[in-house]
file structure-v4.pdb (PDB, C-alpha atoms)
ATOM      1  CA  MET G   1     -53.204  18.327  -2.977
ATOM      2  CA  ASN G   2     -52.484  20.539  -5.944
ATOM      3  CA  LEU G   3     -55.476  21.065  -8.196
ATOM      4  CA  GLN G   4     -54.896  23.406 -11.097
ATOM      5  CA  LYS G   5     -57.383  26.256 -11.000
ATOM      6  CA  LEU G   6     -59.199  26.283 -14.324
ATOM      7  CA  PRO G   7     -62.601  27.756 -15.072
ATOM      8  CA  GLU G   8     -65.122  25.018 -14.364
ATOM      9  CA  THR G   9     -66.327  25.115 -17.978
ATOM     10  CA  HIS G  10     -62.846  23.943 -19.080
ATOM     11  CA  ILE G  11     -62.882  20.835 -16.868
ATOM     12  CA  ASN G  12     -64.377  17.632 -18.269
ATOM     13  CA  ASN G  13     -66.948  15.709 -16.247
ATOM     14  CA  GLU G  14     -64.595  12.913 -15.143
ATOM     15  CA  ASP G  15     -62.032  15.475 -13.969
ATOM     16  CA  LYS G  16     -64.730  17.363 -12.040
ATOM     17  CA  ARG G  17     -65.747  14.200 -10.222
ATOM     18  CA  GLU G  18     -62.113  13.292  -9.515
ATOM     19  CA  ARG G  19     -61.398  16.800  -8.197
ATOM     20  CA  ILE G  20     -64.358  16.535  -5.834
ATOM     21  CA  VAL G  21     -63.279  13.100  -4.569
ATOM     22  CA  SER G  22     -59.618  14.153  -4.154
ATOM     23  CA  SER G  23     -60.584  17.327  -2.327
ATOM     24  CA  ALA G  24     -62.993  15.449  -0.053
ATOM     25  CA  LEU G  25     -60.322  12.868   0.748
ATOM     26  CA  HIS G  26     -57.840  15.553   1.729
ATOM     27  CA  LEU G  27     -60.330  17.586   3.740
ATOM     28  CA  PHE G  28     -61.917  14.614   5.524
ATOM     29  CA  THR G  29     -58.502  13.308   6.632
ATOM     30  CA  THR G  30     -57.401  16.797   7.684
ATOM     31  CA  PHE G  31     -60.509  18.165   9.385
ATOM     32  CA  GLY G  32     -62.879  15.217   9.781
ATOM     33  CA  PHE G  33     -66.278  14.552   8.304
ATOM     34  CA  HIS G  34     -68.395  16.953  10.367
ATOM     35  CA  ALA G  35     -65.944  19.858  10.177
ATOM     36  CA  THR G  36     -65.832  19.696   6.371
ATOM     37  CA  PRO G  37     -68.819  21.416   4.758
ATOM     38  CA  THR G  38     -69.652  20.701   1.133
ATOM     39  CA  SER G  39     -68.929  24.345   0.314
ATOM     40  CA  GLN G  40     -65.332  23.819   1.444
ATOM     41  CA  ILE G  41     -65.030  20.670  -0.708
ATOM     42  CA  SER G  42     -66.382  22.410  -3.819
ATOM     43  CA  LYS G  43     -64.095  25.402  -3.215
ATOM     44  CA  ALA G  44     -61.027  23.147  -2.860
ATOM     45  CA  ALA G  45     -62.062  21.247  -6.010
ATOM     46  CA  HIS G  46     -62.589  24.508  -7.936
ATOM     47  CA  VAL G  47     -66.139  23.548  -8.864
ATOM     48  CA  SER G  48     -69.484  24.977  -7.874
ATOM     49  CA  THR G  49     -71.448  23.469  -5.009
ATOM     50  CA  GLY G  50     -74.160  22.676  -7.572
ATOM     51  CA  THR G  51     -71.634  20.608  -9.520
ATOM     52  CA  LEU G  52     -70.692  18.728  -6.355
ATOM     53  CA  PHE G  53     -74.364  17.943  -5.720
ATOM     54  CA  HIS G  54     -74.744  16.818  -9.338
ATOM     55  CA  TYR G  55     -72.266  13.993  -8.652
ATOM     56  CA  PHE G  56     -73.043  13.453  -4.974
ATOM     57  CA  PRO G  57     -76.530  14.404  -3.748
ATOM     58  CA  ASP G  58     -75.266  14.799  -0.182
ATOM     59  CA  LYS G  59     -72.123  14.540   1.901
ATOM     60  CA  GLN G  60     -73.112  11.055   3.131
ATOM     61  CA  THR G  61     -73.154   9.745  -0.434
ATOM     62  CA  LEU G  62     -69.762  11.338  -1.061
ATOM     63  CA  ILE G  63     -68.054   9.798   1.959
ATOM     64  CA  ASP G  64     -69.673   6.400   1.330
ATOM     65  CA  ASP G  65     -68.529   6.464  -2.309
ATOM     66  CA  LEU G  66     -65.030   7.540  -1.310
ATOM     67  CA  TYR G  67     -64.757   4.858   1.385
ATOM     68  CA  LEU G  68     -65.989   2.046  -0.855
ATOM     69  CA  SER G  69     -63.796   3.048  -3.796
ATOM     70  CA  ILE G  70     -60.675   3.146  -1.610
ATOM     71  CA  LYS G  71     -61.545  -0.206  -0.007
ATOM     72  CA  LYS G  72     -62.020  -1.734  -3.467
ATOM     73  CA  GLU G  73     -58.733  -0.282  -4.692
ATOM     74  CA  MET G  74     -56.861  -1.525  -1.647
ATOM     75  CA  SER G  75     -58.482  -4.961  -1.819
ATOM     76  CA  SER G  76     -57.551  -5.387  -5.470
ATOM     77  CA  VAL G  77     -53.942  -4.440  -4.752
ATOM     78  CA  VAL G  78     -53.532  -6.516  -1.580
ATOM     79  CA  GLY G  79     -55.406  -9.529  -2.932
ATOM     80  CA  ASN G  80     -53.638  -9.479  -6.272
ATOM     81  CA  GLU G  81     -51.996 -12.891  -5.912
ATOM     82  CA  ASP G  82     -51.891 -14.975  -9.057
ATOM     83  CA  ASN G  83     -51.071 -18.315  -7.409
ATOM     84  CA  PRO G  84     -53.472 -19.378  -4.635
ATOM     85  CA  ALA G  85     -51.623 -22.719  -4.440
ATOM     86  CA  LEU G  86     -48.720 -21.041  -2.632
ATOM     87  CA  PRO G  87     -48.345 -21.794   1.088
ATOM     88  CA  THR G  88     -50.718 -19.809   3.283
ATOM     89  CA  ARG G  89     -47.966 -17.940   5.114
ATOM     90  CA  THR G  90     -46.391 -16.902   1.811
ATOM     91  CA  LEU G  91     -49.735 -15.594   0.561
ATOM     92  CA  LEU G  92     -50.225 -13.667   3.799
ATOM     93  CA  GLU G  93     -46.725 -12.171   3.801
ATOM     94  CA  ARG G  94     -47.046 -11.079   0.171
ATOM     95  CA  GLY G  95     -50.406  -9.475   0.903
ATOM     96  CA  PHE G  96     -48.983  -7.630   3.911
ATOM     97  CA  ILE G  97     -46.087  -6.314   1.809
ATOM     98  CA  ARG G  98     -48.504  -5.183  -0.916
ATOM     99  CA  TYR G  99     -50.606  -3.371   1.710
ATOM    100  CA  ILE G 100     -47.523  -1.605   3.054
ATOM    101  CA  ASP G 101     -46.416  -0.646  -0.477
ATOM    102  CA  TRP G 102     -49.932   0.612  -1.242
ATOM    103  CA  GLY G 103     -50.021   2.597   2.020
ATOM    104  CA  ILE G 104     -46.648   4.206   1.283
ATOM    105  CA  ALA G 105     -47.793   5.145  -2.224
ATOM    106  CA  ASN G 106     -51.222   6.356  -0.981
ATOM    107  CA  PRO G 107     -50.707   7.819   2.514
ATOM    108  CA  GLU G 108     -53.873   9.918   2.481
ATOM    109  CA  LYS G 109     -56.026   6.971   1.402
ATOM    110  CA  ALA G 110     -54.459   4.735   4.059
ATOM    111  CA  ARG G 111     -55.050   7.428   6.701
ATOM    112  CA  PHE G 112     -58.662   7.822   5.533
ATOM    113  CA  LEU G 113     -59.319   4.086   5.925
ATOM    114  CA  THR G 114     -57.768   4.111   9.388
ATOM    115  CA  GLN G 115     -59.833   7.137  10.455
ATOM    116  CA  PHE G 116     -63.144   5.969   9.048
ATOM    117  CA  HIS G 117     -62.961   2.168   9.330
ATOM    118  CA  HIS G 118     -65.323   1.995  12.321
ATOM    119  CA  SER G 119     -66.844   5.426  11.872
ATOM    120  CA  PRO G 120     -70.593   5.927  12.193
ATOM    121  CA  ASN G 121     -70.159   8.339   9.265
ATOM    122  CA  ILE G 122     -69.933   5.348   6.901
ATOM    123  CA  SER G 123     -73.349   3.796   6.309
ATOM    124  CA  ASP G 124     -73.983   0.199   7.352
ATOM    125  CA  ALA G 125     -74.834  -0.756   3.767
ATOM    126  CA  VAL G 126     -71.452   0.510   2.552
ATOM    127  CA  GLN G 127     -69.627  -1.181   5.450
ATOM    128  CA  ASN G 128     -71.290  -4.460   4.419
ATOM    129  CA  ARG G 129     -70.327  -3.975   0.765
ATOM    130  CA  ALA G 130     -66.749  -3.210   1.800
ATOM    131  CA  TYR G 131     -66.700  -6.367   3.904
ATOM    132  CA  GLU G 132     -67.682  -8.357   0.807
ATOM    133  CA  GLU G 133     -64.644  -6.924  -0.988
ATOM    134  CA  PHE G 134     -62.513  -8.687   1.632
ATOM    135  CA  ARG G 135     -64.259 -12.059   1.665
ATOM    136  CA  TRP G 136     -61.063 -13.543   0.161
ATOM    137  CA  MET G 137     -59.124 -12.251   3.175
ATOM    138  CA  THR G 138     -61.599 -13.791   5.605
ATOM    139  CA  ASP G 139     -61.140 -17.121   3.814
ATOM    140  CA  LEU G 140     -57.350 -16.798   3.879
ATOM    141  CA  TYR G 141     -57.325 -15.901   7.595
ATOM    142  CA  SER G 142     -59.613 -18.874   8.329
ATOM    143  CA  ARG G 143     -57.155 -21.092   6.481
ATOM    144  CA  ALA G 144     -54.273 -19.642   8.523
ATOM    145  CA  ILE G 145     -56.159 -20.425  11.762
ATOM    146  CA  ARG G 146     -56.907 -24.001  10.645
ATOM    147  CA  GLU G 147     -53.243 -24.535   9.721
ATOM    148  CA  GLY G 148     -52.019 -23.152  13.061
ATOM    149  CA  ILE G 149     -50.293 -20.163  11.445
ATOM    150  CA  PHE G 150     -52.546 -17.820  13.428
ATOM    151  CA  SER G 151     -53.737 -18.393  16.968
ATOM    152  CA  ASN G 152     -57.157 -19.945  17.475
ATOM    153  CA  HIS G 153     -59.031 -16.658  17.801
ATOM    154  CA  PRO G 154     -61.928 -15.448  15.629
ATOM    155  CA  VAL G 155     -61.076 -14.130  12.158
ATOM    156  CA  HIS G 156     -62.336 -10.659  13.108
ATOM    157  CA  TYR G 157     -59.802 -10.565  15.971
ATOM    158  CA  HIS G 158     -56.974 -11.213  13.508
ATOM    159  CA  MET G 159     -58.299  -8.693  11.009
ATOM    160  CA  VAL G 160     -58.362  -5.941  13.628
ATOM    161  CA  MET G 161     -55.003  -6.809  15.203
ATOM    162  CA  ILE G 162     -53.179  -7.221  11.893
ATOM    163  CA  ALA G 163     -54.567  -3.933  10.584
ATOM    164  CA  GLN G 164     -53.225  -2.221  13.709
ATOM    165  CA  ILE G 165     -49.765  -3.744  13.248
ATOM    166  CA  LEU G 166     -49.593  -2.896   9.538
ATOM    167  CA  ASN G 167     -50.790   0.663  10.133
ATOM    168  CA  GLY G 168     -48.153   0.924  12.870
ATOM    169  CA  VAL G 169     -45.537  -0.161  10.324
ATOM    170  CA  LEU G 170     -46.757   2.583   7.963
ATOM    171  CA  GLU G 171     -46.549   5.149  10.742
ATOM    172  CA  LEU G 172     -43.005   4.109  11.644
ATOM    173  CA  LEU G 173     -41.969   4.267   7.993
ATOM    174  CA  THR G 174     -43.184   7.871   7.780
ATOM    175  CA  LEU G 175     -41.278   8.890  10.932
ATOM    176  CA  HIS G 176     -37.843   7.973   9.554
ATOM    177  CA  ASP G 177     -36.310   8.175  13.022
ATOM    178  CA  GLY G 178     -33.167   6.295  11.966
ATOM    179  CA  ASP G 179     -33.214   3.622  14.687
ATOM    180  CA  MET G 180     -34.260   0.961  12.169
ATOM    181  CA  SER G 181     -34.101   0.736   8.394
ATOM    182  CA  ASP G 182     -37.350   0.538   6.442
ATOM    183  CA  GLU G 183     -36.625  -3.123   5.689
ATOM    184  CA  GLU G 184     -36.099  -3.875   9.396
ATOM    185  CA  ILE G 185     -39.354  -2.132  10.347
ATOM    186  CA  ILE G 186     -41.321  -4.074   7.732
ATOM    187  CA  ALA G 187     -39.723  -7.424   8.619
ATOM    188  CA  ALA G 188     -40.229  -6.902  12.371
ATOM    189  CA  GLY G 189     -43.840  -5.806  11.873
ATOM    190  CA  ILE G 190     -44.713  -8.813   9.745
ATOM    191  CA  GLU G 191     -42.960 -11.169  12.159
ATOM    192  CA  LYS G 192     -45.010  -9.666  15.018
ATOM    193  CA  ILE G 193     -48.182 -10.806  13.217
ATOM    194  CA  PHE G 194     -47.146 -14.441  13.383
ATOM    195  CA  LYS G 195     -46.082 -14.460  17.065
TER     196      LYS G 195
END
call {"tool": "encode", "arguments": {"input": "structure-v4.pdb", "output": "structure tokens"}}
result
Amino acid sequence: MNLQKLPETHINNEDKRERIVSSALHLFTTFGFHATPTSQISKAAHVSTGTLFHYFPDKQTLIDDLYLSIKKEMSSVVGNEDNPALPTRTLLERGFIRYIDWGIANPEKARFLTQFHHSPNISDAVQNRAYEEFRWMTDLYSRAIREGIFSNHPVHYHMVMIAQILNGVLELLTLHDGDMSDEEIIAAGIEKIFK
């Protein structure tokens, strides 16, 4: 995270908000929610604590906003399929690849979602709104179960297990241990989902 240090009066409002959100993302993934005071976020963002509270009245609002915005971003990228008439497995595989590409391009955001997915720090109302962002995925997973592509387990089971596999793929891609190429890791991870 490299935020240019300018006097706060020289930063426009949208940049101030973005600095706060970027700093919070970095600090929450590094130190956790409780170990990150708002004073540390405003200092990292190079804005006053009063400015932070102007955009986010409390730390709960900030983390909820951050979580929901990242979930929406990720959902729009992963669910960005222009042809729903494609075979279910093809739609799934393309979505998995888009998630992996998004995670590689946004490692801190992917780590944040992994850390805070089931966290009590995210309000129930925001968790419910985030779930609505993925209604299309629930429908697609239900279709995969009906077609026998996925085992006959509840959709939530598949959502949790697939997220673990895809996040494992992202972790292996960041390790670069040389035993497997990136393409082999991705292919093996996706194949594991369908076994």
call {"tool": "residues_near_point", "arguments": {"input": "structure-v4.pdb", "point": "(-73.1, 4.4, 2.6)", "cutoff": "10 Å", "atoms": "only C-alpha atoms", "output": "NGL selection string"}}
result
:G and (60-68 or 121-130)
call {"tool": "closest_residue", "arguments": {"input": "structure-v4.pdb", "among": "G:His118, G:Val155, G:Ile149, G:His176", "to": "G:Glu93", "atoms": "all atoms listed in the file"}}
result
G:Ile149
call {"tool": "resolve_selection", "arguments": {"input": "structure-v4.pdb", "expression": "the PyMOL selection byres ((chain G and resi 135) around 12)", "output": "PDB file with C-alpha atoms, keeping the file's coordinate frame"}}
result
ATOM      1  CA  LYS G  72     -62.020  -1.734  -3.467  1.00  0.00           C
ATOM      2  CA  SER G  75     -58.482  -4.961  -1.819  1.00  0.00           C
ATOM      3  CA  SER G  76     -57.551  -5.387  -5.470  1.00  0.00           C
ATOM      4  CA  GLY G  79     -55.406  -9.529  -2.932  1.00  0.00           C
ATOM      5  CA  ASN G 128     -71.290  -4.460   4.419  1.00  0.00           C
ATOM      6  CA  ARG G 129     -70.327  -3.975   0.765  1.00  0.00           C
ATOM      7  CA  ALA G 130     -66.749  -3.210   1.800  1.00  0.00           C
ATOM      8  CA  TYR G 131     -66.700  -6.367   3.904  1.00  0.00           C
ATOM      9  CA  GLU G 132     -67.682  -8.357   0.807  1.00  0.00           C
ATOM     10  CA  GLU G 133     -64.644  -6.924  -0.988  1.00  0.00           C
ATOM     11  CA  PHE G 134     -62.513  -8.687   1.632  1.00  0.00           C
ATOM     12  CA  TRP G 136     -61.063 -13.543   0.161  1.00  0.00           C
ATOM     13  CA  MET G 137     -59.124 -12.251   3.175  1.00  0.00           C
ATOM     14  CA  THR G 138     -61.599 -13.791   5.605  1.00  0.00           C
ATOM     15  CA  ASP G 139     -61.140 -17.121   3.814  1.00  0.00           C
ATOM     16  CA  LEU G 140     -57.350 -16.798   3.879  1.00  0.00           C
ATOM     17  CA  TYR G 141     -57.325 -15.901   7.595  1.00  0.00           C
ATOM     18  CA  SER G 142     -59.613 -18.874   8.329  1.00  0.00           C
ATOM     19  CA  VAL G 155     -61.076 -14.130  12.158  1.00  0.00           C
ATOM     20  CA  HIS G 156     -62.336 -10.659  13.108  1.00  0.00           C
ATOM     21  CA  MET G 159     -58.299  -8.693  11.009  1.00  0.00           C
TER      22      MET G 159
END
call {"tool": "residues_near_point", "arguments": {"input": "structure-v4.pdb", "point": "(-48.9, 2.6, 4.4)", "cutoff": "12 Å", "atoms": "all atoms listed in the file", "output": "ChimeraX atom specification"}}
result
/G:74,78,96-114,163-175,182,186
call {"tool": "resolve_selection", "arguments": {"input": "structure-v4.pdb", "expression": "the PyMOL selection byres ((chain G and resi 12-20) around 7)", "output": "ChimeraX atom specification"}}
result
/G:10-11,21-24,41-42,45,52,55
call {"tool": "atom_distance", "arguments": {"input": "structure-v4.pdb", "atom1": "atom CA of G:Ser151", "atom2": "atom CA of G:Thr88"}}
result
14.1 Å
call {"tool": "resolve_selection", "arguments": {"input": "structure-v4.pdb", "expression": "the PyMOL selection byres ((chain G and resi 81) around 10)", "output": "ChimeraX atom specification"}}
result
/G:76-80,82-86,91-92,94-95,98
call {"tool": "closest_residue", "arguments": {"input": "structure-v4.pdb", "among": "G:Thr30, G:Val160, G:Ala144, G:Leu25", "to": "G:Thr90", "atoms": "only C-alpha atoms"}}
result
G:Ala144
call {"tool": "atom_distance", "arguments": {"input": "structure-v4.pdb", "atom1": "atom CA of G:Pro87", "atom2": "atom CA of G:Lys192"}}
result
18.8 Å
call {"tool": "atom_distance", "arguments": {"input": "structure-v4.pdb", "atom1": "atom CA of G:Ile193", "atom2": "atom CA of G:Phe150"}}
result
8.3 Å
call {"tool": "closest_residue", "arguments": {"input": "structure-v4.pdb", "among": "G:Met161, G:Ala44, G:Glu73, G:Thr38", "to": "G:Asp58", "atoms": "all atoms listed in the file"}}
result
G:Thr38
call {"tool": "closest_residue", "arguments": {"input": "structure-v4.pdb", "among": "G:His26, G:Ser69, G:Ile190, G:Lys59", "to": "G:Ser39", "atoms": "all atoms listed in the file"}}
result
G:Lys59
call {"tool": "decode", "arguments": {"input": "structure-v4.pdb", "residues": "stretch 146-174 of chain G", "atoms": "N, CA, C and O atoms", "output": "compact mmCIF listing (two decimals), in the first residue's frame"}}
result
# COMPACT_ATOMS: atom_id res chain seq x y z
N ARG G 146 -28.77 -30.81 -9.68
CA ARG G 146 -29.85 -31.48 -10.44
C ARG G 146 -29.31 -32.27 -11.63
O ARG G 146 -29.81 -33.34 -11.95
N GLU G 147 -28.29 -31.72 -12.29
CA GLU G 147 -27.73 -32.36 -13.49
C GLU G 147 -26.70 -33.44 -13.15
O GLU G 147 -26.16 -34.08 -14.05
N GLY G 148 -26.41 -33.63 -11.86
CA GLY G 148 -25.45 -34.65 -11.45
C GLY G 148 -23.99 -34.23 -11.62
O GLY G 148 -23.09 -35.05 -11.49
N ILE G 149 -23.75 -32.96 -11.88
CA ILE G 149 -22.39 -32.45 -12.00
C ILE G 149 -21.74 -32.36 -10.62
O ILE G 149 -20.56 -32.66 -10.45
N PHE G 150 -22.53 -31.94 -9.64
CA PHE G 150 -22.11 -31.93 -8.24
C PHE G 150 -22.83 -33.05 -7.52
O PHE G 150 -23.92 -33.47 -7.92
N SER G 151 -22.24 -33.49 -6.43
CA SER G 151 -22.87 -34.53 -5.60
C SER G 151 -24.16 -33.99 -5.00
O SER G 151 -24.38 -32.77 -4.93
N ASN G 152 -25.00 -34.88 -4.54
CA ASN G 152 -26.30 -34.51 -4.00
C ASN G 152 -26.18 -34.07 -2.55
O ASN G 152 -26.72 -34.70 -1.64
N HIS G 153 -25.46 -32.98 -2.34
CA HIS G 153 -25.34 -32.35 -1.03
C HIS G 153 -25.97 -30.97 -1.13
O HIS G 153 -26.15 -30.44 -2.22
N PRO G 154 -26.27 -30.34 0.01
CA PRO G 154 -26.87 -29.00 -0.04
C PRO G 154 -25.97 -28.00 -0.76
O PRO G 154 -24.74 -28.13 -0.76
N VAL G 155 -26.58 -26.98 -1.34
CA VAL G 155 -25.84 -25.94 -2.05
C VAL G 155 -24.79 -25.30 -1.15
O VAL G 155 -23.65 -25.07 -1.57
N HIS G 156 -25.16 -25.03 0.10
CA HIS G 156 -24.22 -24.39 1.03
C HIS G 156 -22.96 -25.23 1.21
O HIS G 156 -21.85 -24.69 1.30
N TYR G 157 -23.11 -26.55 1.25
CA TYR G 157 -21.95 -27.45 1.34
C TYR G 157 -21.00 -27.18 0.17
O TYR G 157 -19.79 -27.02 0.36
N HIS G 158 -21.56 -27.14 -1.05
CA HIS G 158 -20.72 -26.91 -2.22
C HIS G 158 -20.09 -25.53 -2.21
O HIS G 158 -18.92 -25.37 -2.57
N MET G 159 -20.83 -24.54 -1.76
CA MET G 159 -20.28 -23.19 -1.72
C MET G 159 -19.07 -23.12 -0.79
O MET G 159 -18.04 -22.52 -1.13
N VAL G 160 -19.17 -23.74 0.36
CA VAL G 160 -18.07 -23.73 1.32
C VAL G 160 -16.88 -24.54 0.80
O VAL G 160 -15.74 -24.07 0.82
N MET G 161 -17.14 -25.73 0.30
CA MET G 161 -16.05 -26.61 -0.15
C MET G 161 -15.34 -26.03 -1.37
O MET G 161 -14.10 -26.06 -1.45
N ILE G 162 -16.10 -25.49 -2.31
CA ILE G 162 -15.49 -24.93 -3.52
C ILE G 162 -14.67 -23.69 -3.18
O ILE G 162 -13.57 -23.50 -3.71
N ALA G 163 -15.17 -22.86 -2.28
CA ALA G 163 -14.40 -21.69 -1.85
C ALA G 163 -13.07 -22.12 -1.26
O ALA G 163 -12.03 -21.50 -1.53
N GLN G 164 -13.08 -23.19 -0.46
CA GLN G 164 -11.84 -23.67 0.14
C GLN G 164 -10.85 -24.15 -0.93
O GLN G 164 -9.66 -23.86 -0.86
N ILE G 165 -11.35 -24.87 -1.91
CA ILE G 165 -10.48 -25.37 -2.99
C ILE G 165 -9.91 -24.19 -3.79
O ILE G 165 -8.70 -24.12 -4.05
N LEU G 166 -10.76 -23.25 -4.18
CA LEU G 166 -10.28 -22.12 -4.98
C LEU G 166 -9.32 -21.24 -4.20
O LEU G 166 -8.32 -20.76 -4.75
N ASN G 167 -9.55 -21.05 -2.92
CA ASN G 167 -8.61 -20.28 -2.11
C ASN G 167 -7.31 -21.04 -1.92
O ASN G 167 -6.23 -20.44 -1.85
N GLY G 168 -7.39 -22.38 -1.89
CA GLY G 168 -6.17 -23.19 -1.86
C GLY G 168 -5.38 -23.04 -3.14
O GLY G 168 -4.14 -22.97 -3.12
N VAL G 169 -6.08 -22.98 -4.28
CA VAL G 169 -5.40 -22.75 -5.56
C VAL G 169 -4.68 -21.40 -5.52
O VAL G 169 -3.50 -21.30 -5.90
N LEU G 170 -5.35 -20.36 -5.03
CA LEU G 170 -4.71 -19.04 -4.93
C LEU G 170 -3.48 -19.09 -4.04
O LEU G 170 -2.44 -18.49 -4.37
N GLU G 171 -3.57 -19.80 -2.94
CA GLU G 171 -2.42 -19.90 -2.04
C GLU G 171 -1.25 -20.60 -2.73
O GLU G 171 -0.11 -20.16 -2.65
N LEU G 172 -1.55 -21.71 -3.42
CA LEU G 172 -0.48 -22.42 -4.13
C LEU G 172 0.14 -21.56 -5.23
O LEU G 172 1.36 -21.62 -5.45
N LEU G 173 -0.66 -20.76 -5.89
CA LEU G 173 -0.14 -19.90 -6.95
C LEU G 173 0.80 -18.83 -6.39
O LEU G 173 1.74 -18.41 -7.07
N THR G 174 0.57 -18.40 -5.15
CA THR G 174 1.44 -17.40 -4.55
C THR G 174 2.74 -18.01 -4.02
O THR G 174 3.73 -17.31 -3.86
